[in-house]
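Peer 1: The file below is protein35.cif, mmCIF, C-alpha atoms (C1' of nucleotides):
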```cif
data_my_file
loop_
_atom_site.label_atom_id
_atom_site.label_comp_id
_atom_site.auth_asym_id
_atom_site.auth_seq_id
_atom_site.Cartn_x
_atom_site.Cartn_y
_atom_site.Cartn_z
CA MET A 1 31.14 -50.05 -33.61
CA ALA A 2 28.13 -47.81 -33.19
CA ARG A 3 29.03 -44.32 -31.97
CA ASP A 4 32.37 -43.72 -30.34
CA THR A 5 31.10 -42.74 -26.91
CA PRO A 6 27.75 -42.03 -25.34
CA GLN A 7 28.20 -38.67 -23.66
CA THR A 8 31.38 -38.45 -21.61
CA HIS A 9 33.33 -37.67 -24.76
CA GLY A 10 31.25 -34.59 -25.34
CA GLU A 11 31.28 -33.59 -21.69
CA ILE A 12 35.05 -33.69 -21.62
CA LEU A 13 35.19 -31.61 -24.77
CA ALA A 14 32.87 -29.02 -23.30
CA ALA A 15 34.73 -28.92 -20.00
CA ALA A 16 38.03 -28.50 -21.80
CA ALA A 17 36.62 -25.63 -23.84
CA ARG A 18 35.44 -23.93 -20.67
CA ARG A 19 38.75 -24.35 -18.85
CA PHE A 20 40.90 -23.42 -21.84
CA ALA A 21 38.89 -20.24 -22.24
CA VAL A 22 39.65 -19.24 -18.65
CA THR A 23 43.19 -20.44 -17.94
CA GLY A 24 44.46 -21.11 -21.44
CA TYR A 25 45.76 -24.32 -22.96
CA ARG A 26 49.05 -24.48 -21.12
CA GLY A 27 47.50 -23.21 -17.93
CA THR A 28 44.93 -26.00 -17.88
CA SER A 29 45.96 -29.48 -16.75
CA LEU A 30 44.24 -32.73 -17.64
CA GLN A 31 43.51 -32.99 -13.93
CA ASP A 32 41.62 -29.68 -14.08
CA ILE A 33 39.48 -30.94 -16.94
CA ALA A 34 38.85 -34.27 -15.22
CA ARG A 35 37.82 -32.49 -12.03
CA GLU A 36 35.34 -30.31 -13.95
CA VAL A 37 33.83 -33.35 -15.64
CA GLY A 38 33.84 -35.38 -12.45
CA CYS A 39 35.92 -38.25 -13.71
CA SER A 40 39.53 -39.37 -13.48
CA LYS A 41 42.38 -37.95 -15.51
CA ALA A 42 42.83 -41.41 -16.98
CA ALA A 43 39.25 -41.27 -18.26
CA VAL A 44 40.06 -38.09 -20.16
CA LEU A 45 43.01 -39.87 -21.74
CA TYR A 46 40.82 -42.84 -22.52
CA HIS A 47 38.62 -40.67 -24.72
CA PHE A 48 41.42 -38.57 -26.18
CA ALA A 49 44.81 -39.87 -27.17
CA SER A 50 46.55 -36.85 -25.68
CA LYS A 51 45.99 -33.30 -24.49
CA GLU A 52 46.97 -32.10 -27.94
CA ALA A 53 44.39 -34.40 -29.55
CA LEU A 54 41.75 -32.85 -27.32
CA LEU A 55 42.75 -29.41 -28.55
CA ALA A 56 42.74 -30.59 -32.15
CA GLU A 57 39.18 -31.89 -31.87
CA LEU A 58 38.14 -28.68 -30.17
CA LEU A 59 39.55 -26.63 -33.03
CA ALA A 60 38.44 -28.93 -35.85
CA GLN A 61 35.20 -27.14 -36.68
CA PRO A 62 36.44 -23.54 -36.55
CA LEU A 63 39.48 -24.52 -38.58
CA GLU A 64 37.26 -26.18 -41.17
CA VAL A 65 35.16 -23.02 -41.41
CA LEU A 66 38.35 -21.00 -41.74
CA ARG A 67 39.46 -23.29 -44.56
CA GLN A 68 36.15 -22.77 -46.34
CA LEU A 69 36.52 -19.00 -45.99
CA ASP A 70 39.99 -19.25 -47.48
CA GLU A 71 38.53 -21.16 -50.41
CA ARG A 72 35.82 -18.58 -51.01
CA LEU A 73 38.34 -15.74 -50.93
CA ALA A 74 40.80 -17.34 -53.33
CA PRO A 75 39.26 -16.14 -56.62
CA LEU A 76 38.38 -12.64 -55.35
CA ASP A 77 40.44 -9.52 -55.85
CA GLY A 78 40.95 -6.01 -54.50
CA ALA A 79 38.03 -4.38 -52.77
CA GLU A 80 35.88 -7.44 -53.28
CA ALA A 81 38.39 -9.59 -51.41
CA GLN A 82 38.51 -7.03 -48.62
CA ARG A 83 34.77 -6.93 -48.21
CA ALA A 84 34.25 -10.68 -48.36
CA GLY A 85 37.26 -11.28 -46.13
CA ALA A 86 36.05 -8.87 -43.48
CA GLU A 87 32.51 -10.23 -43.49
CA GLY A 88 33.63 -13.83 -43.49
CA PHE A 89 36.10 -13.36 -40.68
CA VAL A 90 33.68 -11.39 -38.54
CA ASP A 91 31.14 -14.19 -38.90
CA LEU A 92 33.72 -16.79 -38.03
CA ALA A 93 35.12 -14.87 -35.09
CA VAL A 94 31.71 -14.15 -33.62
CA ARG A 95 30.65 -17.77 -34.00
CA PHE A 96 33.78 -19.36 -32.58
CA ARG A 97 34.81 -16.73 -30.08
CA ARG A 98 36.36 -19.02 -27.53
CA GLU A 99 38.28 -21.15 -29.97
CA ILE A 100 39.63 -18.24 -31.98
CA ALA A 101 40.75 -16.48 -28.82
CA LEU A 102 42.46 -19.65 -27.70
CA LEU A 103 44.30 -20.02 -30.98
CA ARG A 104 45.28 -16.40 -31.22
CA GLY A 105 46.31 -15.93 -27.65
CA GLU A 106 48.54 -18.86 -27.00
CA PHE A 107 50.11 -20.36 -30.02
CA PRO A 108 52.88 -18.57 -31.79
CA GLU A 109 54.71 -21.84 -31.27
CA LEU A 110 51.89 -24.38 -31.41
CA LEU A 111 50.79 -22.89 -34.71
CA ALA A 112 54.38 -23.23 -35.84
CA GLN A 113 54.14 -26.98 -35.45
CA PRO A 114 53.76 -28.95 -38.69
CA ALA A 115 50.31 -30.18 -37.70
CA PHE A 116 48.98 -26.62 -37.86
CA ALA A 117 51.20 -25.34 -40.66
CA HIS A 118 48.28 -24.80 -43.02
CA VAL A 119 46.57 -22.53 -40.51
CA GLN A 120 49.53 -20.20 -40.62
CA GLN A 121 49.29 -20.10 -44.41
CA ILE A 122 45.57 -19.45 -44.35
CA SER A 123 46.10 -16.62 -41.87
CA GLU A 124 48.63 -15.04 -44.17
CA ARG A 125 46.27 -15.30 -47.12
CA LEU A 126 43.54 -13.75 -44.99
CA VAL A 127 45.77 -10.77 -44.21
CA ASP A 128 46.49 -10.63 -47.91
CA ALA A 129 42.80 -10.55 -48.78
CA LEU A 130 42.01 -7.94 -46.11
CA SER A 131 44.74 -5.70 -47.51
CA GLY A 132 43.23 -6.04 -50.98
CA HIS A 133 46.15 -8.11 -52.23
CA THR A 134 48.44 -5.13 -51.96
CA ASP A 135 52.00 -5.13 -50.74
CA ARG A 136 51.60 -1.65 -49.27
CA LEU A 137 52.75 -1.80 -45.68
CA GLU A 138 49.93 0.43 -44.49
CA ALA A 139 47.34 -1.89 -45.97
CA ARG A 140 48.91 -4.95 -44.38
CA ILE A 141 49.11 -3.24 -41.00
CA THR A 142 45.45 -2.27 -41.27
CA ALA A 143 44.56 -5.87 -42.06
CA MET A 144 46.52 -7.17 -39.11
CA VAL A 145 44.99 -4.65 -36.71
CA LEU A 146 41.53 -5.67 -37.86
CA LEU A 147 42.02 -9.43 -37.70
CA ALA A 148 43.67 -9.37 -34.30
CA GLY A 149 41.34 -6.72 -32.94
CA ILE A 150 38.21 -8.55 -34.09
CA SER A 151 39.46 -11.78 -32.54
CA GLU A 152 40.22 -10.15 -29.24
CA ALA A 153 37.01 -8.15 -29.13
CA CYS A 154 35.02 -11.33 -29.71
CA ALA A 155 36.76 -13.00 -26.82
CA GLU A 156 36.29 -9.95 -24.61
CA PHE A 157 32.61 -9.38 -25.28
CA VAL A 158 31.59 -12.99 -24.74
CA ASP A 159 28.27 -12.02 -23.25
CA VAL A 160 27.20 -9.68 -26.02
CA PRO A 161 24.64 -11.34 -28.30
CA ASP A 162 25.87 -12.27 -31.76
CA ASP A 163 23.41 -9.93 -33.42
CA ASP A 164 24.82 -6.93 -31.58
CA LEU A 165 28.44 -7.89 -31.92
CA ARG A 166 28.49 -8.77 -35.60
CA PRO A 167 27.22 -5.48 -37.05
CA ALA A 168 29.43 -3.45 -34.74
CA LEU A 169 32.52 -5.37 -35.83
CA LEU A 170 31.52 -5.08 -39.48
CA ALA A 171 31.15 -1.35 -39.08
CA VAL A 172 34.62 -0.99 -37.57
CA ALA A 173 36.08 -3.07 -40.36
CA ARG A 174 34.37 -0.99 -43.04
CA ARG A 175 35.56 2.28 -41.52
CA ALA A 176 39.11 1.02 -41.10
CA LEU A 177 39.23 -0.24 -44.67
CA ALA A 178 37.26 2.64 -46.17
CA PRO A 179 39.93 4.90 -47.70
CA LEU A 180 41.67 1.84 -49.07
CA ASP A 181 38.49 0.46 -50.58
CA PRO A 182 37.96 3.04 -53.32
CA PRO A 183 41.34 3.46 -55.03
CA SER A 184 41.58 7.15 -54.16
CA THR A 185 45.35 7.17 -54.43
CA THR A 186 45.52 10.86 -53.65
CA GLU A 187 46.59 10.25 -50.06
CA ASP A 188 49.72 8.21 -49.72
CA ARG A 189 51.11 9.94 -46.69
CA ILE A 190 49.32 10.02 -43.38
CA MET B 1 75.93 -0.25 -1.77
CA ALA B 2 77.01 1.10 -5.15
CA ARG B 3 75.07 -0.42 -8.05
CA ASP B 4 73.14 -3.62 -7.59
CA THR B 5 75.00 -5.74 -10.11
CA PRO B 6 77.61 -5.16 -12.75
CA GLN B 7 76.14 -6.68 -15.91
CA THR B 8 74.72 -10.13 -15.40
CA HIS B 9 71.53 -8.62 -14.06
CA GLY B 10 70.96 -6.81 -17.31
CA GLU B 11 72.00 -9.77 -19.41
CA ILE B 12 69.47 -11.97 -17.67
CA LEU B 13 66.79 -9.36 -18.18
CA ALA B 14 67.57 -9.12 -21.88
CA ALA B 15 67.71 -12.89 -22.31
CA ALA B 16 64.39 -13.27 -20.54
CA ALA B 17 62.82 -10.64 -22.80
CA ARG B 18 64.05 -12.51 -25.86
CA ARG B 19 62.84 -15.91 -24.69
CA PHE B 20 59.49 -14.60 -23.41
CA ALA B 21 58.87 -12.99 -26.79
CA VAL B 22 59.39 -16.32 -28.56
CA THR B 23 57.94 -18.96 -26.25
CA GLY B 24 55.88 -16.85 -23.88
CA TYR B 25 56.15 -16.50 -20.12
CA ARG B 26 54.78 -19.88 -19.19
CA GLY B 27 56.55 -21.55 -22.06
CA THR B 28 59.94 -20.28 -20.92
CA SER B 29 61.70 -21.95 -17.99
CA LEU B 30 64.34 -20.40 -15.77
CA GLN B 31 66.64 -23.06 -17.19
CA ASP B 32 66.00 -21.71 -20.71
CA ILE B 33 66.92 -18.20 -19.63
CA ALA B 34 70.01 -19.41 -17.79
CA ARG B 35 71.13 -21.36 -20.85
CA GLU B 36 70.75 -18.29 -23.05
CA VAL B 37 72.76 -16.17 -20.63
CA GLY B 38 75.33 -18.90 -20.10
CA CYS B 39 74.96 -19.21 -16.35
CA SER B 40 73.21 -21.48 -13.91
CA LYS B 41 69.54 -21.37 -13.06
CA ALA B 42 70.56 -20.57 -9.51
CA ALA B 43 72.37 -17.49 -10.77
CA VAL B 44 69.18 -16.24 -12.34
CA LEU B 45 67.43 -16.69 -9.01
CA TYR B 46 70.29 -14.95 -7.27
CA HIS B 47 69.61 -11.80 -9.25
CA PHE B 48 65.82 -12.09 -9.20
CA ALA B 49 63.78 -13.26 -6.27
CA SER B 50 61.50 -15.32 -8.51
CA LYS B 51 60.41 -15.81 -12.08
CA GLU B 52 57.53 -13.48 -11.41
CA ALA B 53 59.88 -10.80 -10.09
CA LEU B 54 61.82 -11.07 -13.33
CA LEU B 55 58.64 -10.46 -15.27
CA ALA B 56 57.70 -7.55 -13.04
CA GLU B 57 61.03 -5.81 -13.63
CA LEU B 58 60.69 -6.47 -17.35
CA LEU B 59 57.29 -4.83 -17.39
CA ALA B 60 58.09 -2.00 -14.99
CA GLN B 61 58.95 0.61 -17.60
CA PRO B 62 56.09 0.00 -20.04
CA LEU B 63 53.66 -0.13 -17.14
CA GLU B 64 54.98 3.16 -15.84
CA VAL B 65 54.53 4.72 -19.27
CA LEU B 66 51.02 3.28 -19.39
CA ARG B 67 50.31 4.83 -16.01
CA GLN B 68 51.50 8.20 -17.26
CA LEU B 69 49.26 7.90 -20.29
CA ASP B 70 46.34 7.12 -18.01
CA GLU B 71 47.13 10.25 -16.02
CA ARG B 72 47.26 12.42 -19.13
CA LEU B 73 43.93 11.06 -20.35
CA ALA B 74 42.09 11.54 -17.06
CA PRO B 75 40.99 15.17 -17.54
CA LEU B 76 40.17 14.82 -21.25
CA ASP B 77 36.75 14.23 -22.70
CA GLY B 78 34.99 13.01 -25.86
CA ALA B 79 36.83 13.38 -29.12
CA GLU B 80 39.83 14.85 -27.37
CA ALA B 81 40.17 11.77 -25.18
CA GLN B 82 39.86 9.56 -28.24
CA ARG B 83 42.57 11.36 -30.14
CA ALA B 84 45.01 11.57 -27.25
CA GLY B 85 44.28 8.00 -26.24
CA ALA B 86 44.89 6.66 -29.70
CA GLU B 87 48.10 8.61 -30.17
CA GLY B 88 49.40 7.77 -26.73
CA PHE B 89 48.68 4.10 -27.02
CA VAL B 90 50.17 3.83 -30.49
CA ASP B 91 53.38 5.42 -29.20
CA LEU B 92 53.46 3.10 -26.24
CA ALA B 93 52.70 0.00 -28.25
CA VAL B 94 55.30 0.77 -30.88
CA ARG B 95 57.93 1.48 -28.26
CA PHE B 96 57.29 -1.55 -26.06
CA ARG B 97 56.20 -4.05 -28.68
CA ARG B 98 57.55 -7.14 -27.02
CA GLU B 99 56.36 -6.34 -23.53
CA ILE B 100 52.89 -5.31 -24.60
CA ALA B 101 52.51 -8.42 -26.70
CA LEU B 102 53.63 -10.49 -23.75
CA LEU B 103 51.15 -8.88 -21.42
CA ARG B 104 48.27 -9.05 -23.83
CA GLY B 105 48.88 -12.55 -25.07
CA GLU B 106 49.32 -14.52 -21.92
CA PHE B 107 47.76 -13.00 -18.89
CA PRO B 108 44.03 -13.03 -18.54
CA GLU B 109 44.86 -14.68 -15.23
CA LEU B 110 48.19 -13.09 -14.35
CA LEU B 111 46.64 -9.68 -14.87
CA ALA B 112 43.85 -10.83 -12.60
CA GLN B 113 46.34 -11.21 -9.76
CA PRO B 114 46.28 -8.48 -7.13
CA ALA B 115 49.82 -7.36 -8.03
CA PHE B 116 48.62 -6.28 -11.46
CA ALA B 117 45.13 -5.20 -10.52
CA HIS B 118 45.76 -1.56 -11.39
CA VAL B 119 46.76 -2.52 -14.94
CA GLN B 120 43.34 -3.99 -15.50
CA GLN B 121 41.77 -0.76 -14.30
CA ILE B 122 43.99 1.36 -16.52
CA SER B 123 43.10 -0.83 -19.49
CA GLU B 124 39.44 -0.30 -18.82
CA ARG B 125 39.91 3.45 -18.58
CA LEU B 126 41.85 3.35 -21.82
CA VAL B 127 38.97 1.59 -23.55
CA ASP B 128 36.75 4.21 -22.00
CA ALA B 129 38.85 7.05 -23.40
CA LEU B 130 39.08 5.47 -26.84
CA SER B 131 35.32 5.16 -26.96
CA GLY B 132 35.02 8.85 -26.08
CA HIS B 133 33.63 8.07 -22.63
CA THR B 134 30.45 6.71 -24.15
CA ASP B 135 28.54 3.67 -23.02
CA ARG B 136 27.47 2.89 -26.59
CA LEU B 137 28.37 -0.71 -27.26
CA GLU B 138 29.55 0.05 -30.77
CA ALA B 139 32.02 2.61 -29.48
CA ARG B 140 33.38 0.26 -26.88
CA ILE B 141 33.79 -2.53 -29.41
CA THR B 142 35.63 -0.18 -31.72
CA ALA B 143 37.96 0.80 -28.91
CA MET B 144 38.65 -2.82 -28.02
CA VAL B 145 39.33 -3.77 -31.65
CA LEU B 146 41.79 -0.90 -31.93
CA LEU B 147 43.67 -1.52 -28.70
CA ALA B 148 44.02 -5.25 -29.25
CA GLY B 149 44.72 -4.88 -32.94
CA ILE B 150 47.41 -2.27 -32.42
CA SER B 151 49.09 -4.41 -29.78
CA GLU B 152 49.09 -7.47 -31.97
CA ALA B 153 50.22 -5.62 -35.07
CA CYS B 154 53.14 -4.16 -33.15
CA ALA B 155 54.19 -7.63 -32.07
CA GLU B 156 53.74 -9.02 -35.55
CA PHE B 157 55.66 -6.33 -37.43
CA VAL B 158 58.67 -6.37 -35.12
CA ASP B 159 61.07 -5.65 -37.96
CA VAL B 160 59.22 -2.63 -39.32
CA PRO B 161 60.93 0.61 -38.26
CA ASP B 162 59.08 2.68 -35.69
CA ASP B 163 58.70 5.57 -38.09
CA ASP B 164 56.82 3.43 -40.60
CA LEU B 165 54.73 1.59 -38.07
CA ARG B 166 53.56 4.53 -35.98
CA PRO B 167 51.91 6.62 -38.72
CA ALA B 168 50.26 3.57 -40.24
CA LEU B 169 48.74 2.61 -36.90
CA LEU B 170 47.64 6.18 -36.25
CA ALA B 171 45.93 6.25 -39.62
CA VAL B 172 44.01 3.06 -38.93
CA ALA B 173 42.96 4.39 -35.56
CA ARG B 174 41.75 7.68 -37.06
CA ARG B 175 39.75 5.92 -39.75
CA ALA B 176 38.20 3.48 -37.30
CA LEU B 177 37.24 6.26 -34.90
CA ALA B 178 36.26 8.76 -37.61
CA PRO B 179 32.45 8.56 -37.69
CA LEU B 180 32.35 8.49 -33.94
CA ASP B 181 34.60 11.50 -33.60
CA PRO B 182 32.15 14.15 -34.83
CA PRO B 183 28.87 13.46 -33.05
CA SER B 184 26.91 12.92 -36.26
CA THR B 185 24.14 10.98 -34.58
CA THR B 186 22.32 10.46 -37.87
CA GLU B 187 23.58 6.90 -38.21
CA ASP B 188 22.72 4.65 -35.33
CA ARG B 189 22.15 1.54 -37.37
CA ILE B 190 24.94 -0.01 -39.41
"C1'" DT C 1 96.83 -12.04 6.40
"C1'" DC C 2 92.39 -12.25 7.53
"C1'" DA C 3 87.32 -10.90 7.27
"C1'" DG C 4 83.53 -10.18 4.79
"C1'" DA C 5 80.72 -8.86 0.91
"C1'" DC C 6 79.62 -10.30 -3.53
"C1'" DC C 7 78.65 -13.60 -7.31
"C1'" DC C 8 77.86 -17.93 -8.57
"C1'" DT C 9 77.59 -23.28 -8.70
"C1'" DG C 10 75.80 -28.16 -8.29
"C1'" DA C 11 72.98 -30.88 -5.78
"C1'" DC C 12 68.75 -31.21 -4.22
"C1'" DC C 13 63.61 -30.41 -2.92
"C1'" DG C 14 58.50 -31.02 -3.33
"C1'" DA C 15 55.00 -30.32 -6.63
"C1'" DT C 16 52.96 -31.00 -10.84
"C1'" DC C 17 52.92 -32.13 -15.49
"C1'" DG C 18 51.33 -35.50 -19.54
"C1'" DG C 19 50.94 -40.11 -20.09
"C1'" DT C 20 50.90 -45.50 -19.09
"C1'" DC C 21 49.17 -49.69 -17.22
"C1'" DA C 22 46.93 -53.56 -14.98
"C1'" DG C 23 42.77 -54.52 -13.59
"C1'" DG C 24 37.75 -53.98 -12.10
"C1'" DG C 25 32.78 -53.18 -13.03
"C1'" DT C 26 28.95 -53.49 -16.25
"C1'" DG C 27 25.88 -54.76 -19.84
"C1'" DA C 28 24.93 -57.20 -24.09
"C1'" DT C 29 25.51 -61.59 -26.61
"C1'" DC C 30 25.73 -66.41 -27.07
"C1'" DG D 1 26.91 -69.07 -16.78
"C1'" DA D 2 30.84 -67.75 -19.74
"C1'" DT D 3 32.61 -64.35 -22.87
"C1'" DC D 4 33.83 -60.10 -24.51
"C1'" DA D 5 33.85 -55.31 -25.68
"C1'" DC D 6 33.41 -51.10 -23.56
"C1'" DC D 7 34.23 -47.56 -19.93
"C1'" DC D 8 36.68 -46.25 -16.29
"C1'" DT D 9 39.84 -46.23 -11.95
"C1'" DG D 10 44.00 -45.74 -8.86
"C1'" DA D 11 48.62 -46.35 -8.75
"C1'" DC D 12 52.43 -45.22 -10.92
"C1'" DC D 13 56.15 -43.35 -14.29
"C1'" DG D 14 59.85 -40.14 -15.92
"C1'" DA D 15 60.41 -35.41 -16.90
"C1'" DT D 16 60.36 -30.83 -15.71
"C1'" DC D 17 58.96 -27.07 -13.16
"C1'" DG D 18 60.16 -23.02 -9.68
"C1'" DG D 19 62.81 -22.57 -5.87
"C1'" DT D 20 66.34 -23.61 -1.82
"C1'" DC D 21 70.75 -24.37 0.20
"C1'" DA D 22 75.48 -25.09 1.58
"C1'" DG D 23 79.53 -23.96 0.02
"C1'" DG D 24 83.31 -22.24 -3.00
"C1'" DG D 25 85.79 -18.89 -5.62
"C1'" DT D 26 87.19 -13.80 -6.02
"C1'" DC D 27 87.90 -9.23 -4.90
"C1'" DT D 28 88.40 -5.36 -1.55
"C1'" DG D 29 89.67 -3.03 2.43
"C1'" DA D 30 91.55 -3.07 7.02
#
```
Represent the supplied structure as structure tokens.
Peer 2:
Amino acid sequence: MARDTPQTHGEILAAAARRFAVTGYRGTSLQDIAREVGCSKAAVLYHFASKEALLAELLAQPLEVLRQLDERLAPLDGAEAQRAGAEGFVDLAVRFRREIALLRGEFPELLAQPAFAHVQQISERLVDALSGHTDRLEARITAMVLLAGISEACAEFVDVPDDDLRPALLAVARRALAPLDPPSTTEDRI
Amino acid sequence: MARDTPQTHGEILAAAARRFAVTGYRGTSLQDIAREVGCSKAAVLYHFASKEALLAELLAQPLEVLRQLDERLAPLDGAEAQRAGAEGFVDLAVRFRREIALLRGEFPELLAQPAFAHVQQISERLVDALSGHTDRLEARITAMVLLAGISEACAEFVDVPDDDLRPALLAVARRALAPLDPPSTTEDRI
DNA sequence: TCAGACCCTGACCGATCGGTCAGGGTGATC
DNA sequence: GATCACCCTGACCGATCGGTCAGGGTCTGA
């Protein structure tokens, strides 16, 4: 038994993450990954049952963190949900920049697969929390702009240190959500 | 001479747009497009020199509009550039939802190709305008969040009428840019 | 009636994809 | 020295990709 693999397993995972971040999931072949590691394509498939399994393992941790965020947000309401949702998602996005970008950029259809069905649901609940559990179209659009924008910005500013990126993203989120946060229902029209 | 083609040309273009929007550029084969049109794959390649040429024609109009926006923004400065940039991009994104989503979602590498090099430059100038031509990291991050978020939201809310979507997006943009718009340099920290 | 442009087809091409498989090297255990 | 699990390789598979090609209908104009 012991551990599954000494080091190659991890090297393959890291190489895949690097390649996926540059050329995307579909744009990266097992051969590409093998070349980067310095082993054969068959070796990659010895450590991982399939290309999809490789992706799944790569996404396991960020998806688990996303699930935990979903759990934390469940009992919250209104402005509280918005604030916690924004902070939680910014943290997550900053921490898992590459993985989130990968997920968001390439998988309207992969996320539609049954194996990732729960992710879709969690995303919807996150939009719901960010919009303060309102059905108002404007609130939902704001939430979507923020979630997608934060994801993309994280992927784009890969080299910016976490401690610079996080507060800036939080500030944008707060400004964007501001007039919706206090229930100043005076302005309904733009 | 006369016109290039009677109707099939347009049908192929429309079918390609539909398929690309669902399964992405790479995820859509010429066979898929041909099947949707009801002709052979060879017919598709009779009307378009290559798959890439099909994409180029599909993107021609939105890219031209983007170029015009870039031109309009060139002489503007500061808050004026921000306002015009936000309004112009919201209009463009709402109008060309599918194409923008396609471009943004799939082509970190296709955009890197020489044929699309100018698009990359225009995008950078657009970020520049949205951040009020400032080098401040926070401003640039805000701009990126907005541009990416607006694109994604447009793709996500395909069924929302333009007249509902546009004002909502403009409102988000104004809120997100608000504290940066007047140069109230009192707050530098979050 | 014939020529030629136009539109399209089916067969085919080489390349590449994800994945399989038989077998070889190596190191620990008995 | 034999055994066996583990790690890995090169050769190979069927499928599919974008793209080519020779040729066949169809329509028009001379």
Peer 1: For the file shown, report as a list of chain:residue names the outcome of the PyMOL selection byres ((chain A) within 10 of (chain C)) at residue level.
Peer 2: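 Going through the file, the PyMOL selection byres ((chain A) within 10 of (chain C)) ends up selecting A:Ser29, A:Leu30, A:Gln31, A:Lys41, A:Ala42, A:Leu45, A:Ala49, A:Ser50, A:Lys51.
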Peer 1: If the PyMOL selection byres ((chain D) within 12 of (chain A)) is run on the structure shown, which residues does it catch, given as a list in words?
Peer 2: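 With the PyMOL selection byres ((chain D) within 12 of (chain A)) on this model, the match is DA5, DC6, DC7, DC8, DT9, DG10, DA11 and DC12 of chain D.
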Peer 1: Can you measure atom CA of A:Ala21 to atom CA of A:Ala148 for me? One decimal in Å is fine.
Peer 2: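 Calculated distance between atom CA of A:Ala21 and atom CA of A:Ala148 is 16.9 Å.
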Peer 1: To one decimal place in Å, what is the distance between atom CA of B:Glu36 and atom CA of B:Ala17?
Peer 2: 11.0 Å
Peer 1: Enumerate, as a ChimeraX atom specification, the residues matched when the PyMOL selection byres ((chain B) within 10 of (chain A)) is run on the file above.
Peer 2: /B:21-24,26-27,101-102,104-110,137-154,156-157,160,164-165,167-179,189-190
Peer 1: Could you put an axis-aligned box around every listed atom of stretch 91-98 of chain B, padded by 5 Å on each side, and send me its centre and edge lengths in Å to one decimal, as lines of an AutoDock Vina configuration file?
Peer 2:
```
center_x = 55.3
center_y = -0.9
center_z = -28.5
size_x = 15.2
size_y = 22.6
size_z = 14.8
```
Peer 1: So how many Å separate atom CA of A:Leu130 and atom CA of A:Glu87, to one decimal?
Peer 2: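 Going from atom CA of A:Leu130 over to atom CA of A:Glu87 covers 10.1 Å.
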